[in-house]
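Just coords-v5.tsv here, TSV, C-alpha atoms:
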```tsv
chain	number	residue	atom	x	y	z
A	178	GLN	CA	-27.85	23.14	11.31
A	179	VAL	CA	-26.25	20.33	13.29
A	180	GLN	CA	-23.57	20.70	15.94
A	181	LEU	CA	-21.39	18.06	17.55
A	182	VAL	CA	-20.05	18.59	21.04
A	183	GLU	CA	-17.35	16.32	22.43
A	184	SER	CA	-16.31	15.75	26.03
A	185	GLY	CA	-14.15	13.42	28.07
A	186	GLY	CA	-10.64	14.09	26.83
A	187	GLY	CA	-7.70	14.75	29.10
A	188	TRP	CA	-4.44	13.38	30.41
A	189	VAL	CA	-3.97	9.80	31.51
A	190	GLN	CA	-1.04	7.56	32.29
A	191	PRO	CA	-0.23	4.58	30.06
A	192	GLY	CA	-2.54	1.71	30.82
A	193	GLY	CA	-5.30	4.03	31.95
A	194	SER	CA	-8.78	4.61	30.58
A	195	LEU	CA	-10.85	7.47	29.24
A	196	ARG	CA	-14.39	7.68	27.93
A	197	LEU	CA	-15.23	10.16	25.20
A	198	SER	CA	-18.75	11.35	24.50
A	199	CYS	CA	-20.18	13.24	21.56
A	200	ALA	CA	-23.70	14.60	21.34
A	201	ALA	CA	-25.23	15.84	18.11
A	202	SER	CA	-27.79	18.62	18.42
A	203	GLY	CA	-30.21	20.14	15.96
A	204	ASN	CA	-33.43	19.06	14.34
A	205	ILE	CA	-32.04	15.70	13.33
A	206	PHE	CA	-33.97	13.05	11.49
A	207	ARG	CA	-31.28	10.42	11.11
A	208	ILE	CA	-27.52	9.98	11.31
A	209	ASN	CA	-26.18	7.04	9.34
A	210	THR	CA	-22.74	6.73	10.89
A	211	MET	CA	-21.13	8.30	13.93
A	212	GLY	CA	-17.62	7.83	15.06
A	213	TRP	CA	-14.23	9.09	16.09
A	214	TYR	CA	-11.14	10.18	14.25
A	215	ARG	CA	-7.76	11.06	15.68
A	216	GLN	CA	-5.10	13.50	14.62
A	217	ALA	CA	-1.74	12.85	16.21
A	218	PRO	CA	0.90	15.58	16.24
A	219	GLU	CA	2.23	16.22	12.74
A	220	LYS	CA	0.04	13.50	11.24
A	221	GLN	CA	-3.15	13.39	9.24
A	222	ARG	CA	-6.52	12.75	10.76
A	223	ASP	CA	-7.22	9.04	10.84
A	224	ILE	CA	-10.16	6.82	11.71
A	225	VAL	CA	-10.32	5.37	15.23
A	226	GLY	CA	-13.75	3.78	15.30
A	227	VAL	CA	-17.12	4.30	13.63
A	228	MET	CA	-20.52	2.73	14.03
A	229	THR	CA	-23.43	2.63	11.63
A	230	SER	CA	-27.04	3.02	12.65
A	231	GLY	CA	-27.37	-0.69	11.96
A	232	GLY	CA	-24.74	-1.51	14.56
A	233	ILE	CA	-21.78	-2.29	12.33
A	234	LYS	CA	-18.52	-1.22	13.96
A	235	THR	CA	-15.20	-0.54	12.31
A	236	TYR	CA	-11.98	0.08	14.21
A	237	LYS	CA	-8.47	1.16	13.43
A	238	GLU	CA	-6.35	-1.97	13.67
A	239	SER	CA	-4.15	-0.66	16.48
A	240	VAL	CA	-7.09	-0.02	18.83
A	241	LYS	CA	-8.94	-3.29	18.38
A	242	GLY	CA	-9.48	-5.03	21.70
A	243	ARG	CA	-8.75	-1.83	23.63
A	244	PHE	CA	-11.35	0.67	22.40
A	245	THR	CA	-15.11	0.18	22.25
A	246	ILE	CA	-17.51	2.38	20.36
A	247	SER	CA	-21.20	2.60	21.19
A	248	ARG	CA	-24.16	4.74	20.21
A	249	ASP	CA	-27.38	5.97	21.69
A	250	ILE	CA	-29.34	6.27	18.47
A	251	GLY	CA	-32.33	8.01	20.02
A	252	ASN	CA	-30.18	10.70	21.61
A	253	ASN	CA	-27.78	11.07	18.67
A	254	THR	CA	-24.83	10.35	20.91
A	255	VAL	CA	-21.70	8.32	20.36
A	256	TYR	CA	-19.21	7.11	22.93
A	257	LEU	CA	-15.68	5.81	22.80
A	258	GLN	CA	-14.43	3.78	25.74
A	259	MET	CA	-10.65	3.72	25.61
A	260	ASP	CA	-8.84	1.21	27.79
A	261	SER	CA	-5.19	0.17	28.06
A	262	LEU	CA	-4.18	3.50	26.60
A	263	LYS	CA	-0.74	3.86	25.07
A	264	PRO	CA	1.37	6.96	24.38
A	265	GLU	CA	0.74	6.47	20.66
A	266	ASP	CA	-2.97	7.07	21.31
A	267	THR	CA	-2.15	10.69	22.03
A	268	GLY	CA	-3.85	13.19	19.76
A	269	VAL	CA	-6.92	15.29	19.22
A	270	TYR	CA	-10.03	13.17	18.89
A	271	TYR	CA	-12.74	14.43	16.58
A	272	CYS	CA	-16.32	13.30	16.54
A	273	ASN	CA	-17.87	12.74	13.12
A	274	ALA	CA	-21.44	12.36	11.94
A	275	ARG	CA	-21.72	11.06	8.40
A	276	GLY	CA	-24.83	10.88	6.30
A	277	VAL	CA	-26.96	13.28	8.31
A	278	TYR	CA	-30.58	14.05	7.51
A	279	TYR	CA	-31.99	17.04	9.34
A	280	TYR	CA	-34.61	19.77	9.09
A	281	ASP	CA	-33.47	23.31	8.45
A	282	SER	CA	-35.08	26.45	9.86
A	283	SER	CA	-37.70	26.45	7.12
A	284	GLY	CA	-38.72	22.88	7.89
A	285	SER	CA	-37.13	21.43	4.77
A	286	MET	CA	-35.18	18.21	5.04
A	287	ARG	CA	-31.53	18.55	4.25
A	288	HIS	CA	-28.75	16.03	3.80
A	289	GLU	CA	-25.14	16.69	4.72
A	290	LEU	CA	-22.31	14.26	4.15
A	291	ASP	CA	-20.18	15.21	7.15
A	292	PHE	CA	-20.35	17.16	10.36
A	293	TRP	CA	-17.36	17.45	12.67
A	294	GLY	CA	-16.86	18.38	16.27
A	295	GLU	CA	-14.14	20.76	17.35
A	296	GLY	CA	-12.04	18.00	18.87
A	297	THR	CA	-11.02	16.98	22.35
A	298	PRO	CA	-7.37	16.39	23.24
A	299	VAL	CA	-6.14	13.13	24.72
A	300	THR	CA	-2.65	12.88	26.15
A	301	VAL	CA	-1.20	9.56	27.29
A	302	SER	CA	2.08	9.93	29.13
A	303	ALA	CA	3.81	8.87	32.32
```

The structure given in the file should be rewritten as structure tokens.
Amino acid sequence: QVQLVESGGGWVQPGGSLRLSCAASGNIFRINTMGWYRQAPEKQRDIVGVMTSGGIKTYKESVKGRFTISRDIGNNTVYLQMDSLKPEDTGVYYCNARGVYYYDSSGSMRHELDFWGEGTPVTVSA
């Protein structure tokens, strides 16, 4: 099985910065895409930024130029550097691993479409 553990959330004033980290653990062979989604209060979960193993990055329009996603492929880790934070960035940030190939306890390779972390809250307020 694969687990995702996020860290780095918290409270910050508008204009401030936070850096989120997410580490995937397990007997992982490859993760195609890793990234971050956000669920604001009373809204659906929405993409923030994702990055393929080939280095292609996709961002939500409202965070372009402020947020930067990066990956450490060898350590199955993804980061989200969030600068110039705004109150509308408030929400729970979930790490996602999509297209995951891993070995189960019997040594067989498995493929899973999605794994999710438990989420880390980010609050931006004065």

Protein, DNA and RNA residues within 12 Å of (-10.0, 13.0, 8.3), only C-alpha atoms, as a ChimeraX atom specification: /A:212-217,220-225,269-273,275,291-294,296

Closest atom pairs, residues of range 229-302 of chain A within 6 Å of range 188-201 of chain A, all atoms listed in the file, as JSON lines:
```
{"residue": "A:Asn253", "atom": "CA", "partner": "A:Ala201", "partner_atom": "CA", "distance": 5.4}
{"residue": "A:Thr254", "atom": "CA", "partner": "A:Ala200", "partner_atom": "CA", "distance": 4.4}
{"residue": "A:Val255", "atom": "CA", "partner": "A:Cys199", "partner_atom": "CA", "distance": 5.3}
{"residue": "A:Tyr256", "atom": "CA", "partner": "A:Ser198", "partner_atom": "CA", "distance": 4.5}
{"residue": "A:Leu257", "atom": "CA", "partner": "A:Leu197", "partner_atom": "CA", "distance": 5.0}
{"residue": "A:Gln258", "atom": "CA", "partner": "A:Arg196", "partner_atom": "CA", "distance": 4.5}
{"residue": "A:Met259", "atom": "CA", "partner": "A:Leu195", "partner_atom": "CA", "distance": 5.2}
{"residue": "A:Asp260", "atom": "CA", "partner": "A:Ser194", "partner_atom": "CA", "distance": 4.4}
{"residue": "A:Ser261", "atom": "CA", "partner": "A:Gly192", "partner_atom": "CA", "distance": 4.1}
{"residue": "A:Leu262", "atom": "CA", "partner": "A:Gly192", "partner_atom": "CA", "distance": 4.9}
{"residue": "A:Lys263", "atom": "CA", "partner": "A:Pro191", "partner_atom": "CA", "distance": 5.1}
{"residue": "A:Val299", "atom": "CA", "partner": "A:Trp188", "partner_atom": "CA", "distance": 5.9}
{"residue": "A:Thr300", "atom": "CA", "partner": "A:Trp188", "partner_atom": "CA", "distance": 4.6}
{"residue": "A:Val301", "atom": "CA", "partner": "A:Val189", "partner_atom": "CA", "distance": 5.1}
{"residue": "A:Ser302", "atom": "CA", "partner": "A:Gln190", "partner_atom": "CA", "distance": 5.0}
```

Distance criterion (only C-alpha atoms): nearest to His288 in chain A out of A:Glu265, A:Ser230, A:Ser184, A:Phe206: A:Phe206

Among listed residues A:Tyr280, A:Met211, A:Pro218, A:Ala303, nearest Ser247 in chain A (using only C-alpha atoms): A:Met211

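CA of Glu183 in chain A sits 18.2 Å away from CA of Asn204 in chain A.
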
Please return the centre and edge lengths, in Å to one decimal, of a box with edges along x, y and z that contains all listed atoms of range 215-221 of chain A, widened by 5 Å on every side, as JSON.
```
{"center_x": -2.8, "center_y": 13.6, "center_z": 12.7, "size_x": 20.0, "size_y": 15.2, "size_z": 17.0}
```
